[in-house]
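Each remark here refers to the structure printed beneath this line.
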Amino acid sequence: MENKSLNLNDFVAFLLKTNENIQERINILPQDWEGLSNLKIQKLLYFIEASFLVKFNTKLFSQNFEAWDYGPVIPSLYQGLKKFERKPIFFDEFKKSGNYKNVINSLNEKQLDFLEESFIKFNKFSSFELVSLSHIYGPWKEVAKNEEITKQDMINFFHNINN
């Protein structure tokens, strides 16, 4: 399995920038843009990472998830985002923490297109719908609370449901 080892904060900045770019493309006024909560970012990362692992046999980032009550979480990222509490996070508020251009420069066009498609696919769900999906589908339910969910666990499960 290849490892892109993208900086996690760069990837979060990429997701937040993608979120705003999509809203801009569909002519939503900036004052009406929706941000992403810590909870939603965690679930988007989980499903996008799983999809990317299956499609490209490549890790986007090295951190593993843990099985928390509300689904898979990367603890270090949770700690970094908890200052936002349950409020939506916008790119402008996060851009000093990560550089989305590092992600763009590290991936090819096919991979970037796949990430945008995956973002659109999963972002249509609410945070709690994504929590429910993570509880129903995937290795979250196979490991004990607060136990690590490895990339291999993710590949094994999501490869089986995609084939």
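In the structure tokens, the first chain shown is A, the next is B, and so on; residue numbers restart at 1 for each chain, and ligands run from 1 in the order shown.
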Please extract the residues of chain A with a backbone DSSP assignment of strand (DSSP E or B) and present them as a PDB file with N, CA, C and O atoms, in the first residue's frame.
```pdb
ATOM      1  N   GLU A   2       0.616   2.117  -0.934  1.00  0.00           N
ATOM      2  CA  GLU A   2       1.371   3.368  -1.014  1.00  0.00           C
ATOM      3  C   GLU A   2       0.882   4.321   0.082  1.00  0.00           C
ATOM      4  O   GLU A   2      -0.258   4.233   0.525  1.00  0.00           O
ATOM      5  N   ASN A   3       1.752   5.218   0.495  1.00  0.00           N
ATOM      6  CA  ASN A   3       1.398   6.176   1.535  1.00  0.00           C
ATOM      7  C   ASN A   3       1.737   7.585   1.057  1.00  0.00           C
ATOM      8  O   ASN A   3       2.897   7.914   0.887  1.00  0.00           O
ATOM      9  N   LEU A  36     -18.258  23.153   7.992  1.00  0.00           N
ATOM     10  CA  LEU A  36     -18.260  21.755   8.409  1.00  0.00           C
ATOM     11  C   LEU A  36     -17.903  21.679   9.886  1.00  0.00           C
ATOM     12  O   LEU A  36     -16.943  22.303  10.322  1.00  0.00           O
ATOM     13  N   THR A  58      -3.866   3.460  -1.664  1.00  0.00           N
ATOM     14  CA  THR A  58      -2.972   4.497  -1.163  1.00  0.00           C
ATOM     15  C   THR A  58      -3.597   5.182   0.039  1.00  0.00           C
ATOM     16  O   THR A  58      -4.770   5.557   0.008  1.00  0.00           O
ATOM     17  N   LYS A  59      -2.790   5.346   1.096  1.00  0.00           N
ATOM     18  CA  LYS A  59      -3.228   6.110   2.261  1.00  0.00           C
ATOM     19  C   LYS A  59      -3.062   7.591   1.950  1.00  0.00           C
ATOM     20  O   LYS A  59      -2.034   8.005   1.428  1.00  0.00           O
ATOM     21  N   PHE A  65      -7.791   5.943  12.651  1.00  0.00           N
ATOM     22  CA  PHE A  65      -8.986   6.337  13.389  1.00  0.00           C
ATOM     23  C   PHE A  65      -9.114   5.460  14.627  1.00  0.00           C
ATOM     24  O   PHE A  65      -8.559   4.376  14.689  1.00  0.00           O
ATOM     25  N   GLU A  66      -9.894   5.952  15.592  1.00  0.00           N
ATOM     26  CA  GLU A  66     -10.283   5.157  16.749  1.00  0.00           C
ATOM     27  C   GLU A  66     -11.799   5.065  16.775  1.00  0.00           C
ATOM     28  O   GLU A  66     -12.491   5.965  16.281  1.00  0.00           O
ATOM     29  N   ALA A  67     -12.306   4.006  17.365  1.00  0.00           N
ATOM     30  CA  ALA A  67     -13.752   3.794  17.475  1.00  0.00           C
ATOM     31  C   ALA A  67     -14.280   4.532  18.697  1.00  0.00           C
ATOM     32  O   ALA A  67     -14.156   4.046  19.822  1.00  0.00           O
ATOM     33  N   TRP A  68     -14.847   5.701  18.475  1.00  0.00           N
ATOM     34  CA  TRP A  68     -15.450   6.481  19.547  1.00  0.00           C
ATOM     35  C   TRP A  68     -16.964   6.319  19.485  1.00  0.00           C
ATOM     36  O   TRP A  68     -17.513   5.762  18.535  1.00  0.00           O
ATOM     37  N   GLY A  71     -18.638   7.297  16.286  1.00  0.00           N
ATOM     38  CA  GLY A  71     -18.003   6.762  15.091  1.00  0.00           C
ATOM     39  C   GLY A  71     -16.506   6.996  15.075  1.00  0.00           C
ATOM     40  O   GLY A  71     -15.912   7.404  16.075  1.00  0.00           O
ATOM     41  N   PRO A  72     -15.893   6.733  13.928  1.00  0.00           N
ATOM     42  CA  PRO A  72     -14.442   6.852  13.791  1.00  0.00           C
ATOM     43  C   PRO A  72     -13.951   8.288  13.978  1.00  0.00           C
ATOM     44  O   PRO A  72     -14.544   9.230  13.446  1.00  0.00           O
ATOM     45  N   VAL A  73     -12.868   8.423  14.741  1.00  0.00           N
ATOM     46  CA  VAL A  73     -12.297   9.734  15.049  1.00  0.00           C
ATOM     47  C   VAL A  73     -10.775   9.623  15.025  1.00  0.00           C
ATOM     48  O   VAL A  73     -10.219   8.627  15.479  1.00  0.00           O
ATOM     49  N   ILE A  89     -17.071  25.073  10.828  1.00  0.00           N
ATOM     50  CA  ILE A  89     -15.716  25.568  10.582  1.00  0.00           C
ATOM     51  C   ILE A  89     -15.633  25.964   9.117  1.00  0.00           C
ATOM     52  O   ILE A  89     -16.062  25.209   8.235  1.00  0.00           O
ATOM     53  N   GLU A 148      -8.096   1.215  18.013  1.00  0.00           N
ATOM     54  CA  GLU A 148      -7.679   1.731  16.711  1.00  0.00           C
ATOM     55  C   GLU A 148      -8.357   0.966  15.576  1.00  0.00           C
ATOM     56  O   GLU A 148      -8.508  -0.251  15.632  1.00  0.00           O
ATOM     57  N   ILE A 149      -8.744   1.714  14.564  1.00  0.00           N
ATOM     58  CA  ILE A 149      -9.235   1.147  13.310  1.00  0.00           C
ATOM     59  C   ILE A 149      -8.093   1.334  12.307  1.00  0.00           C
ATOM     60  O   ILE A 149      -7.763   2.460  11.947  1.00  0.00           O
TER      61      ILE A 149
END
```
* **Test item, alpha helix (DSSP H) assignment across segment 10-77 of chain A, answer as a PyMOL selection string** => chain A and resi 10-25+38-56+75-77
* **Selection: 10 Å around Leu115 of chain A, only C-alpha atoms, excl. self and same-chain fewer than 3 positions, as a VMD selection string** => chain A and resid 14 to 15 18 48 to 49 51 to 52 107 109 to 112 118 to 121
* Structure fact -> Nearest to Glu147 of chain A, restricted to only C-alpha atoms and choosing among A:Glu34, A:Glu85, A:Glu117, A:Asp69, comes out as A:Asp69
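Closest approach to Lys83 of chain A among A:Ser37, A:Ile136, A:Phe125, A:Thr150: A:Ser37, based on only C-alpha atoms.
Distances to Ser76 of chain A were evaluated for A:Asp153, A:Phe56, A:Leu8, A:Ala50 using only C-alpha atoms, and the minimum falls at A:Leu8.
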